[in-house]
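Peer 1: I am sharing work09.txt, which consists of compact mmCIF, N, CA and C atoms:
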# COMPACT_ATOMS: atom_id res chain seq x y z
N MET A 932 4.66 40.69 -8.96
CA MET A 932 4.06 39.38 -8.80
C MET A 932 2.61 39.58 -8.39
N SER A 933 1.73 38.80 -8.97
CA SER A 933 0.31 38.98 -8.72
C SER A 933 -0.13 38.38 -7.39
N SER A 934 0.63 37.44 -6.87
CA SER A 934 0.23 36.78 -5.63
C SER A 934 1.41 36.75 -4.66
N ASP A 935 1.12 37.05 -3.41
CA ASP A 935 2.16 37.02 -2.39
C ASP A 935 2.30 35.62 -1.78
N ARG A 936 1.38 34.76 -2.13
CA ARG A 936 1.36 33.42 -1.56
C ARG A 936 1.27 32.37 -2.67
N PHE A 937 2.01 31.29 -2.51
CA PHE A 937 1.99 30.22 -3.50
C PHE A 937 0.71 29.40 -3.36
N THR A 938 0.06 29.16 -4.49
CA THR A 938 -1.09 28.26 -4.50
C THR A 938 -0.91 27.28 -5.65
N PHE A 939 -1.17 26.02 -5.36
CA PHE A 939 -1.06 24.97 -6.36
C PHE A 939 -2.47 24.66 -6.83
N ARG A 940 -2.71 24.84 -8.12
CA ARG A 940 -4.06 24.67 -8.66
C ARG A 940 -4.59 23.24 -8.48
N LEU A 941 -3.70 22.28 -8.41
CA LEU A 941 -4.13 20.88 -8.31
C LEU A 941 -4.02 20.36 -6.87
N GLU A 942 -4.02 21.26 -5.90
CA GLU A 942 -3.87 20.86 -4.50
C GLU A 942 -4.98 19.90 -4.06
N ARG A 943 -6.19 20.17 -4.48
CA ARG A 943 -7.32 19.31 -4.10
C ARG A 943 -7.13 17.90 -4.67
N LEU A 944 -6.69 17.85 -5.93
CA LEU A 944 -6.45 16.55 -6.55
C LEU A 944 -5.30 15.82 -5.84
N LEU A 945 -4.26 16.55 -5.47
CA LEU A 945 -3.15 15.95 -4.73
C LEU A 945 -3.64 15.40 -3.39
N SER A 946 -4.49 16.14 -2.72
CA SER A 946 -5.05 15.68 -1.45
C SER A 946 -5.87 14.40 -1.65
N LEU A 947 -6.65 14.36 -2.72
CA LEU A 947 -7.44 13.16 -3.01
C LEU A 947 -6.53 11.97 -3.32
N ARG A 948 -5.45 12.21 -4.03
CA ARG A 948 -4.50 11.14 -4.34
C ARG A 948 -3.82 10.62 -3.06
N GLN A 949 -3.53 11.52 -2.14
CA GLN A 949 -2.92 11.10 -0.88
C GLN A 949 -3.90 10.24 -0.08
N LYS A 950 -5.16 10.63 -0.08
CA LYS A 950 -6.17 9.83 0.63
C LYS A 950 -6.35 8.47 -0.04
N ALA A 951 -6.34 8.46 -1.36
CA ALA A 951 -6.46 7.18 -2.08
C ALA A 951 -5.28 6.28 -1.78
N GLU A 952 -4.10 6.86 -1.65
CA GLU A 952 -2.91 6.08 -1.30
C GLU A 952 -3.04 5.50 0.11
N GLU A 953 -3.55 6.29 1.04
CA GLU A 953 -3.75 5.81 2.40
C GLU A 953 -4.76 4.66 2.45
N VAL A 954 -5.85 4.82 1.70
CA VAL A 954 -6.88 3.77 1.65
C VAL A 954 -6.29 2.49 1.05
N ALA A 955 -5.50 2.65 -0.02
CA ALA A 955 -4.88 1.49 -0.66
C ALA A 955 -3.88 0.81 0.29
N ALA A 956 -3.16 1.60 1.07
CA ALA A 956 -2.20 1.03 2.02
C ALA A 956 -2.92 0.25 3.11
N ILE A 957 -4.03 0.77 3.57
CA ILE A 957 -4.82 0.07 4.60
C ILE A 957 -5.39 -1.23 4.02
N ALA A 958 -5.90 -1.16 2.79
CA ALA A 958 -6.44 -2.36 2.15
C ALA A 958 -5.36 -3.41 1.97
N LEU A 959 -4.15 -2.98 1.60
CA LEU A 959 -3.05 -3.93 1.45
C LEU A 959 -2.69 -4.56 2.79
N ALA A 960 -2.65 -3.76 3.83
CA ALA A 960 -2.34 -4.30 5.16
C ALA A 960 -3.38 -5.34 5.58
N GLU A 961 -4.64 -5.04 5.32
CA GLU A 961 -5.71 -6.00 5.65
C GLU A 961 -5.55 -7.29 4.84
N ALA A 962 -5.21 -7.15 3.57
CA ALA A 962 -5.03 -8.33 2.72
C ALA A 962 -3.83 -9.15 3.20
N ARG A 963 -2.77 -8.48 3.60
CA ARG A 963 -1.59 -9.20 4.12
C ARG A 963 -1.95 -9.93 5.42
N ASN A 964 -2.73 -9.28 6.28
CA ASN A 964 -3.16 -9.94 7.52
C ASN A 964 -4.02 -11.16 7.22
N ALA A 965 -4.91 -11.03 6.24
CA ALA A 965 -5.77 -12.16 5.86
C ALA A 965 -4.93 -13.29 5.29
N GLU A 966 -3.92 -12.95 4.49
CA GLU A 966 -3.04 -13.98 3.92
C GLU A 966 -2.27 -14.69 5.03
N THR A 967 -1.77 -13.92 5.98
CA THR A 967 -1.04 -14.52 7.10
C THR A 967 -1.94 -15.44 7.91
N ALA A 968 -3.17 -14.99 8.16
CA ALA A 968 -4.12 -15.82 8.91
C ALA A 968 -4.44 -17.10 8.15
N ALA A 969 -4.62 -17.00 6.83
CA ALA A 969 -4.92 -18.17 6.02
C ALA A 969 -3.73 -19.14 6.02
N HIS A 970 -2.54 -18.59 5.96
CA HIS A 970 -1.34 -19.43 6.00
C HIS A 970 -1.23 -20.16 7.34
N GLU A 971 -1.48 -19.44 8.42
CA GLU A 971 -1.42 -20.05 9.75
C GLU A 971 -2.50 -21.10 9.93
N ALA A 972 -3.70 -20.84 9.39
CA ALA A 972 -4.79 -21.82 9.49
C ALA A 972 -4.44 -23.09 8.72
N LYS A 973 -3.85 -22.93 7.54
CA LYS A 973 -3.45 -24.10 6.76
C LYS A 973 -2.37 -24.88 7.51
N ALA A 974 -1.40 -24.18 8.05
CA ALA A 974 -0.32 -24.86 8.79
C ALA A 974 -0.89 -25.61 10.00
N ALA A 975 -1.85 -25.01 10.68
CA ALA A 975 -2.48 -25.67 11.83
C ALA A 975 -3.23 -26.93 11.39
N LEU A 976 -3.93 -26.85 10.26
CA LEU A 976 -4.63 -28.04 9.76
C LEU A 976 -3.65 -29.14 9.37
N GLU A 977 -2.54 -28.75 8.75
CA GLU A 977 -1.54 -29.75 8.38
C GLU A 977 -0.95 -30.41 9.63
N MET A 978 -0.69 -29.62 10.64
CA MET A 978 -0.15 -30.16 11.89
C MET A 978 -1.18 -31.08 12.55
N HIS A 979 -2.45 -30.67 12.53
CA HIS A 979 -3.51 -31.48 13.11
C HIS A 979 -3.62 -32.81 12.37
N ARG A 980 -3.48 -32.78 11.06
CA ARG A 980 -3.54 -34.01 10.26
C ARG A 980 -2.42 -34.97 10.67
N VAL A 981 -1.22 -34.43 10.82
CA VAL A 981 -0.08 -35.27 11.21
C VAL A 981 -0.32 -35.89 12.58
N ARG A 982 -0.79 -35.08 13.52
CA ARG A 982 -1.04 -35.59 14.88
C ARG A 982 -2.16 -36.64 14.88
N THR A 983 -3.20 -36.37 14.11
CA THR A 983 -4.32 -37.32 14.04
C THR A 983 -3.85 -38.64 13.46
N GLN A 984 -3.09 -38.56 12.39
CA GLN A 984 -2.59 -39.79 11.77
C GLN A 984 -1.70 -40.57 12.73
N GLU A 985 -0.84 -39.87 13.45
CA GLU A 985 0.04 -40.54 14.40
C GLU A 985 -0.75 -41.20 15.53
N SER A 986 -1.74 -40.47 16.05
CA SER A 986 -2.50 -41.03 17.18
C SER A 986 -3.35 -42.21 16.73
N LEU A 987 -3.94 -42.13 15.55
CA LEU A 987 -4.76 -43.24 15.07
C LEU A 987 -3.91 -44.46 14.73
N THR A 988 -2.73 -44.19 14.20
CA THR A 988 -1.84 -45.30 13.86
C THR A 988 -1.37 -46.00 15.13
N LEU A 989 -1.03 -45.21 16.16
CA LEU A 989 -0.59 -45.80 17.42
C LEU A 989 -1.73 -46.55 18.10
N ARG A 990 -2.95 -46.01 18.02
CA ARG A 990 -4.09 -46.63 18.68
C ARG A 990 -4.47 -47.93 17.97
N ALA A 991 -4.37 -47.92 16.66
CA ALA A 991 -4.74 -49.13 15.92
C ALA A 991 -3.75 -50.26 16.23
N GLY A 992 -2.48 -49.88 16.33
CA GLY A 992 -1.46 -50.87 16.71
C GLY A 992 -1.41 -52.04 15.76
N ASP A 993 -1.11 -53.19 16.32
CA ASP A 993 -0.97 -54.41 15.52
C ASP A 993 -2.31 -55.09 15.28
N THR A 994 -3.30 -54.73 16.05
CA THR A 994 -4.60 -55.42 15.93
C THR A 994 -5.57 -54.58 15.11
N SER A 995 -5.11 -54.08 13.98
CA SER A 995 -5.96 -53.24 13.14
C SER A 995 -7.03 -54.08 12.46
N THR A 996 -8.25 -53.59 12.57
CA THR A 996 -9.35 -54.23 11.88
C THR A 996 -9.69 -53.40 10.65
N VAL A 997 -10.47 -53.96 9.80
CA VAL A 997 -10.89 -53.25 8.59
C VAL A 997 -11.66 -52.00 8.99
N ALA A 998 -12.49 -52.07 9.99
CA ALA A 998 -13.28 -50.92 10.43
C ALA A 998 -12.37 -49.81 10.95
N THR A 999 -11.36 -50.19 11.69
CA THR A 999 -10.42 -49.19 12.23
C THR A 999 -9.65 -48.53 11.10
N LEU A 1000 -9.18 -49.33 10.17
CA LEU A 1000 -8.44 -48.77 9.03
C LEU A 1000 -9.33 -47.88 8.18
N ARG A 1001 -10.57 -48.27 8.03
CA ARG A 1001 -11.52 -47.46 7.27
C ARG A 1001 -11.75 -46.13 7.98
N GLN A 1002 -11.88 -46.15 9.30
CA GLN A 1002 -12.07 -44.93 10.08
C GLN A 1002 -10.85 -44.01 9.92
N VAL A 1003 -9.66 -44.57 9.98
CA VAL A 1003 -8.44 -43.79 9.80
C VAL A 1003 -8.43 -43.16 8.41
N ALA A 1004 -8.80 -43.93 7.41
CA ALA A 1004 -8.82 -43.41 6.04
C ALA A 1004 -9.83 -42.27 5.89
N LEU A 1005 -11.00 -42.42 6.49
CA LEU A 1005 -12.02 -41.37 6.41
C LEU A 1005 -11.55 -40.09 7.10
N LEU A 1006 -10.94 -40.25 8.27
CA LEU A 1006 -10.43 -39.07 8.98
C LEU A 1006 -9.32 -38.38 8.21
N MET A 1007 -8.47 -39.15 7.57
CA MET A 1007 -7.37 -38.58 6.78
C MET A 1007 -7.93 -37.88 5.54
N GLU A 1008 -8.94 -38.47 4.90
CA GLU A 1008 -9.57 -37.84 3.74
C GLU A 1008 -10.20 -36.50 4.14
N ASP A 1009 -10.86 -36.50 5.29
CA ASP A 1009 -11.47 -35.26 5.78
C ASP A 1009 -10.40 -34.21 6.06
N ALA A 1010 -9.32 -34.62 6.68
CA ALA A 1010 -8.22 -33.69 6.97
C ALA A 1010 -7.62 -33.17 5.67
N ASP A 1011 -7.43 -34.04 4.69
CA ASP A 1011 -6.88 -33.62 3.40
C ASP A 1011 -7.82 -32.65 2.68
N ARG A 1012 -9.13 -32.91 2.78
CA ARG A 1012 -10.12 -32.02 2.16
C ARG A 1012 -10.07 -30.63 2.79
N ARG A 1013 -9.98 -30.60 4.14
CA ARG A 1013 -9.92 -29.31 4.83
C ARG A 1013 -8.61 -28.58 4.51
N ILE A 1014 -7.53 -29.30 4.37
CA ILE A 1014 -6.25 -28.69 3.99
C ILE A 1014 -6.35 -28.12 2.57
N ALA A 1015 -6.98 -28.86 1.68
CA ALA A 1015 -7.15 -28.36 0.30
C ALA A 1015 -7.99 -27.08 0.28
N GLN A 1016 -9.04 -27.05 1.09
CA GLN A 1016 -9.86 -25.84 1.18
C GLN A 1016 -9.05 -24.67 1.75
N ALA A 1017 -8.25 -24.95 2.75
CA ALA A 1017 -7.40 -23.91 3.34
C ALA A 1017 -6.39 -23.41 2.31
N ASP A 1018 -5.89 -24.31 1.48
CA ASP A 1018 -4.95 -23.93 0.44
C ASP A 1018 -5.63 -23.02 -0.59
N GLU A 1019 -6.88 -23.33 -0.92
CA GLU A 1019 -7.64 -22.48 -1.84
C GLU A 1019 -7.86 -21.09 -1.24
N ARG A 1020 -8.18 -21.03 0.05
CA ARG A 1020 -8.36 -19.74 0.72
C ARG A 1020 -7.04 -18.96 0.72
N LEU A 1021 -5.95 -19.67 0.98
CA LEU A 1021 -4.63 -19.02 0.98
C LEU A 1021 -4.31 -18.46 -0.41
N THR A 1022 -4.57 -19.22 -1.44
CA THR A 1022 -4.33 -18.76 -2.81
C THR A 1022 -5.19 -17.53 -3.13
N ALA A 1023 -6.44 -17.56 -2.70
CA ALA A 1023 -7.33 -16.41 -2.93
C ALA A 1023 -6.83 -15.19 -2.17
N CYS A 1024 -6.40 -15.38 -0.95
CA CYS A 1024 -5.86 -14.27 -0.15
C CYS A 1024 -4.60 -13.70 -0.79
N ARG A 1025 -3.74 -14.58 -1.28
CA ARG A 1025 -2.50 -14.14 -1.92
C ARG A 1025 -2.82 -13.35 -3.19
N THR A 1026 -3.79 -13.81 -3.97
CA THR A 1026 -4.20 -13.10 -5.18
C THR A 1026 -4.74 -11.72 -4.83
N THR A 1027 -5.57 -11.65 -3.81
CA THR A 1027 -6.12 -10.37 -3.37
C THR A 1027 -5.02 -9.44 -2.90
N MET A 1028 -4.07 -9.98 -2.14
CA MET A 1028 -2.97 -9.17 -1.64
C MET A 1028 -2.14 -8.60 -2.80
N LEU A 1029 -1.86 -9.42 -3.80
CA LEU A 1029 -1.07 -8.95 -4.94
C LEU A 1029 -1.82 -7.87 -5.72
N ALA A 1030 -3.14 -8.05 -5.88
CA ALA A 1030 -3.93 -7.04 -6.58
C ALA A 1030 -3.95 -5.72 -5.81
N ARG A 1031 -4.09 -5.81 -4.49
CA ARG A 1031 -4.09 -4.59 -3.68
C ARG A 1031 -2.72 -3.92 -3.65
N ARG A 1032 -1.67 -4.72 -3.75
CA ARG A 1032 -0.33 -4.14 -3.83
C ARG A 1032 -0.17 -3.36 -5.13
N ASP A 1033 -0.72 -3.91 -6.21
CA ASP A 1033 -0.67 -3.19 -7.50
C ASP A 1033 -1.45 -1.88 -7.43
N VAL A 1034 -2.60 -1.91 -6.75
CA VAL A 1034 -3.40 -0.69 -6.59
C VAL A 1034 -2.62 0.34 -5.79
N LEU A 1035 -1.97 -0.10 -4.72
CA LEU A 1035 -1.16 0.82 -3.91
C LEU A 1035 -0.01 1.41 -4.73
N ASN A 1036 0.67 0.57 -5.49
CA ASN A 1036 1.77 1.07 -6.31
C ASN A 1036 1.29 2.12 -7.30
N ALA A 1037 0.13 1.90 -7.90
CA ALA A 1037 -0.42 2.89 -8.84
C ALA A 1037 -0.78 4.18 -8.11
N ALA A 1038 -1.36 4.06 -6.92
CA ALA A 1038 -1.73 5.25 -6.14
C ALA A 1038 -0.50 6.04 -5.73
N VAL A 1039 0.56 5.34 -5.34
CA VAL A 1039 1.81 6.03 -4.97
C VAL A 1039 2.37 6.77 -6.18
N GLN A 1040 2.36 6.11 -7.31
CA GLN A 1040 2.89 6.74 -8.53
C GLN A 1040 2.08 7.99 -8.90
N GLU A 1041 0.77 7.91 -8.83
CA GLU A 1041 -0.08 9.06 -9.16
C GLU A 1041 0.18 10.22 -8.20
N ARG A 1042 0.33 9.91 -6.92
CA ARG A 1042 0.59 10.97 -5.95
C ARG A 1042 1.97 11.58 -6.18
N ARG A 1043 2.95 10.76 -6.49
CA ARG A 1043 4.30 11.28 -6.74
C ARG A 1043 4.33 12.20 -7.95
N VAL A 1044 3.60 11.85 -8.99
CA VAL A 1044 3.54 12.70 -10.18
C VAL A 1044 3.00 14.08 -9.81
N LEU A 1045 1.91 14.10 -9.06
CA LEU A 1045 1.34 15.39 -8.64
C LEU A 1045 2.28 16.12 -7.68
N GLY A 1046 2.97 15.38 -6.84
CA GLY A 1046 3.94 16.00 -5.93
C GLY A 1046 5.07 16.67 -6.70
N ARG A 1047 5.54 16.02 -7.76
CA ARG A 1047 6.60 16.63 -8.57
C ARG A 1047 6.07 17.85 -9.31
N LEU A 1048 4.83 17.77 -9.79
CA LEU A 1048 4.22 18.95 -10.44
C LEU A 1048 4.14 20.12 -9.46
N LYS A 1049 3.78 19.83 -8.23
CA LYS A 1049 3.69 20.88 -7.22
C LYS A 1049 5.07 21.47 -6.96
N GLU A 1050 6.08 20.62 -6.85
CA GLU A 1050 7.45 21.13 -6.62
C GLU A 1050 7.91 22.02 -7.77
N ARG A 1051 7.61 21.61 -9.00
CA ARG A 1051 7.99 22.43 -10.16
C ARG A 1051 7.24 23.76 -10.15
N ALA A 1052 5.96 23.70 -9.83
CA ALA A 1052 5.17 24.94 -9.78
C ALA A 1052 5.71 25.86 -8.69
N LEU A 1053 6.08 25.31 -7.56
CA LEU A 1053 6.65 26.11 -6.47
C LEU A 1053 7.97 26.73 -6.90
N ASP A 1054 8.83 25.94 -7.56
CA ASP A 1054 10.10 26.48 -8.05
C ASP A 1054 9.87 27.63 -9.03
N THR A 1055 8.94 27.44 -9.94
CA THR A 1055 8.62 28.49 -10.91
C THR A 1055 8.11 29.73 -10.21
N TRP A 1056 7.23 29.54 -9.24
CA TRP A 1056 6.67 30.67 -8.50
C TRP A 1056 7.78 31.39 -7.74
N GLN A 1057 8.67 30.64 -7.09
CA GLN A 1057 9.77 31.25 -6.34
C GLN A 1057 10.71 32.02 -7.26
N GLN A 1058 10.99 31.48 -8.43
CA GLN A 1058 11.84 32.19 -9.39
C GLN A 1058 11.18 33.47 -9.86
N ALA A 1059 9.88 33.41 -10.14
CA ALA A 1059 9.15 34.60 -10.56
C ALA A 1059 9.12 35.64 -9.45
N ALA A 1060 8.93 35.19 -8.22
CA ALA A 1060 8.92 36.11 -7.08
C ALA A 1060 10.29 36.75 -6.91
N ALA A 1061 11.36 35.97 -7.08
CA ALA A 1061 12.71 36.52 -6.96
C ALA A 1061 12.98 37.53 -8.07
N ARG A 1062 12.53 37.23 -9.31
CA ARG A 1062 12.70 38.18 -10.42
C ARG A 1062 11.93 39.46 -10.16
N SER A 1063 10.71 39.31 -9.66
CA SER A 1063 9.89 40.48 -9.37
C SER A 1063 10.55 41.34 -8.30
N GLU A 1064 11.08 40.71 -7.27
CA GLU A 1064 11.76 41.44 -6.20
C GLU A 1064 13.02 42.12 -6.74
N GLN A 1065 13.73 41.42 -7.61
CA GLN A 1065 14.94 42.00 -8.20
C GLN A 1065 14.59 43.22 -9.06
N ILE A 1066 13.51 43.12 -9.82
CA ILE A 1066 13.06 44.26 -10.65
C ILE A 1066 12.71 45.44 -9.76
N THR A 1067 12.02 45.18 -8.67
CA THR A 1067 11.64 46.25 -7.74
C THR A 1067 12.89 46.89 -7.15
N MET A 1068 13.86 46.08 -6.76
CA MET A 1068 15.10 46.60 -6.19
C MET A 1068 15.90 47.39 -7.23
N ASP A 1069 15.91 46.91 -8.47
CA ASP A 1069 16.62 47.62 -9.54
C ASP A 1069 15.96 48.98 -9.81
N GLU A 1070 14.63 48.98 -9.83
CA GLU A 1070 13.92 50.25 -10.04
C GLU A 1070 14.19 51.22 -8.90
N PHE A 1071 14.23 50.71 -7.69
CA PHE A 1071 14.52 51.54 -6.53
C PHE A 1071 15.93 52.12 -6.63
N ALA A 1072 16.88 51.26 -7.00
CA ALA A 1072 18.27 51.73 -7.14
C ALA A 1072 18.39 52.74 -8.26
N GLN A 1073 17.72 52.53 -9.36
CA GLN A 1073 17.76 53.46 -10.49
C GLN A 1073 17.16 54.80 -10.09
N THR A 1074 16.09 54.75 -9.34
CA THR A 1074 15.44 55.98 -8.91
C THR A 1074 16.35 56.75 -7.98
N ARG A 1075 17.01 56.08 -7.09
CA ARG A 1075 17.94 56.76 -6.17
C ARG A 1075 19.14 57.32 -6.91
N ARG A 1076 19.63 56.59 -7.90
CA ARG A 1076 20.77 57.04 -8.68
C ARG A 1076 20.43 58.30 -9.47
N ASN A 1077 19.23 58.35 -9.97
CA ASN A 1077 18.78 59.52 -10.74
C ASN A 1077 18.47 60.70 -9.85
N GLY A 1078 18.44 60.49 -8.55
CA GLY A 1078 18.18 61.55 -7.60
C GLY A 1078 16.71 61.85 -7.40
N THR A 1079 15.88 61.04 -7.90
CA THR A 1079 14.46 61.22 -7.75
C THR A 1079 14.04 60.64 -6.43
N ASP A 1080 13.18 61.37 -5.74
CA ASP A 1080 12.70 60.91 -4.46
C ASP A 1080 11.49 59.99 -4.66
N ILE A 1081 11.46 58.96 -3.89
CA ILE A 1081 10.33 58.02 -3.95
C ILE A 1081 9.30 58.47 -2.95
N ALA A 1082 8.10 58.58 -3.39
CA ALA A 1082 7.02 59.05 -2.51
C ALA A 1082 6.48 57.94 -1.69
Once more with this new file: its structure as structure tokens, please.
Peer 2:
Amino acid sequence: MSSDRFTFRLERLLSLRQKAEEVAAIALAEARNAETAAHEAKAALEMHRVRTQESLTLRAGDTSTVATLRQVALLMEDADRRIAQADERLTACRTTMLARRDVLNAAVQERRVLGRLKERALDTWQQAAARSEQITMDEFAQTRRNGTDIA
């Protein structure tokens, strides 16, 4: 055997793939956190809208004037607009998260392919080393059987 130690020719590439996978995993985690935050912000705005509507309705009571009703309508429109914006942010965050998940899946697959190549190369190297050792042992046994001394 020409080498006493196993070396994988694509080790550097495997290392780069592992780092790319780690970066993709971090990016996915950040995207998931952003999506969660956007979802919570939207839920908070929806809850605020409900509370605002309830408080304005109770305050207006039976003596609602046109001005009071107009104020309630404006506040509700503003709340609805902010909820719609939050929904757009949530959709954008979800799209980003899905794209980053696809990137991570691709990175995992690329690393696994190289990992399997490394395992196959190691198996081949180990088999060759075992054959080489067996040949050496056979030659040693043949030499001893023939009565020749090994120097």
Peer 1: Just the residues within 8 Å of Val1034 in chain A, please, counting only N, CA and C atoms, with nothing from its chain fewer than 4 positions along; format it as an mmCIF file with N, CA and C atoms, keeping the file's coordinate frame.
Peer 2:
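See part.cif below for the written result:
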data_model
loop_
_atom_site.group_PDB
_atom_site.id
_atom_site.type_symbol
_atom_site.label_atom_id
_atom_site.label_comp_id
_atom_site.auth_asym_id
_atom_site.auth_seq_id
_atom_site.Cartn_x
_atom_site.Cartn_y
_atom_site.Cartn_z
ATOM 1 N N ALA A 951 -6.340 8.460 -1.360
ATOM 2 C CA ALA A 951 -6.460 7.180 -2.080
ATOM 3 C C ALA A 951 -5.280 6.280 -1.780
ATOM 4 N N GLU A 952 -4.100 6.860 -1.650
ATOM 5 C CA GLU A 952 -2.910 6.080 -1.300
ATOM 6 C C GLU A 952 -3.040 5.500 0.110
ATOM 7 N N ALA A 955 -5.500 2.650 -0.020
ATOM 8 C CA ALA A 955 -4.880 1.490 -0.660
ATOM 9 C C ALA A 955 -3.880 0.810 0.290
ATOM 10 N N ALA A 956 -3.160 1.600 1.070
ATOM 11 C CA ALA A 956 -2.200 1.030 2.020
ATOM 12 C C ALA A 956 -2.920 0.250 3.110
ATOM 13 N N MET A 1028 -4.070 -9.980 -2.140
ATOM 14 C CA MET A 1028 -2.970 -9.170 -1.640
ATOM 15 C C MET A 1028 -2.140 -8.600 -2.800
ATOM 16 N N LEU A 1029 -1.860 -9.420 -3.800
ATOM 17 C CA LEU A 1029 -1.070 -8.950 -4.940
ATOM 18 C C LEU A 1029 -1.820 -7.870 -5.720
ATOM 19 N N ALA A 1030 -3.140 -8.050 -5.880
ATOM 20 C CA ALA A 1030 -3.930 -7.040 -6.580
ATOM 21 C C ALA A 1030 -3.950 -5.720 -5.810
ATOM 22 N N ALA A 1038 -1.360 4.060 -6.920
ATOM 23 C CA ALA A 1038 -1.730 5.250 -6.140
ATOM 24 C C ALA A 1038 -0.500 6.040 -5.730
ATOM 25 N N VAL A 1039 0.560 5.340 -5.340
ATOM 26 C CA VAL A 1039 1.810 6.030 -4.970
ATOM 27 C C VAL A 1039 2.370 6.770 -6.180
ATOM 28 N N GLN A 1040 2.360 6.110 -7.310
ATOM 29 C CA GLN A 1040 2.890 6.740 -8.530
ATOM 30 C C GLN A 1040 2.080 7.990 -8.900
#
Peer 1: Quick one: pull the distance between CA of Ala962 in chain A and atom C of Asp1018 in chain A, Å, one decimal.
Peer 2: 15.1 Å
Peer 1: One number please: atom N of Leu941 in chain A to atom C of Leu1048 in chain A, in Å, one decimal.
Peer 2: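 A separation of 8.2 Å between them.
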Peer 1: Just give me the gap between atom N of Asn1036 in chain A and atom C of Leu1053 in chain A in Å, one decimal is fine.
Peer 2: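 Computed distance, atom N of Asn1036 in chain A to atom C of Leu1053 in chain A, equals 27.2 Å.
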Peer 1: Return the single residue from A:Gln949, A:Arg936, A:Glu966, A:Lys1049 that is closest to Thr1027 in chain A, with distances computed using only C-alpha atoms.
Peer 2: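 Smallest distance to Thr1027 in chain A is found for A:Glu966.
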Peer 1: Between A:Arg1042, A:Trp1056, A:Thr1074, A:Arg963, which one has atoms that come closest to Thr938 in chain A, using all atoms listed in the file?
Peer 2: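 Answer, going by the shortest atom-to-atom distance: A:Trp1056.
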Peer 1: Restricting the calculation to only C-alpha atoms: of A:Gln1058, A:Ala1052, A:Gln1065, A:Leu1035, which residue gets closest to Ala958 in chain A?
Peer 2: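 Distance minimum relative to Ala958 in chain A lands on A:Leu1035.
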Peer 1: Could you name the residues that touch range 969-979 of chain A at 7 Å or less, counting all atoms listed in the file, but leaving out those on the same chain fewer than 4 positions away, as a ChimeraX atom specification?
Peer 2: /A:964-965,983-984,1010,1013-1014,1017-1018,1020-1021
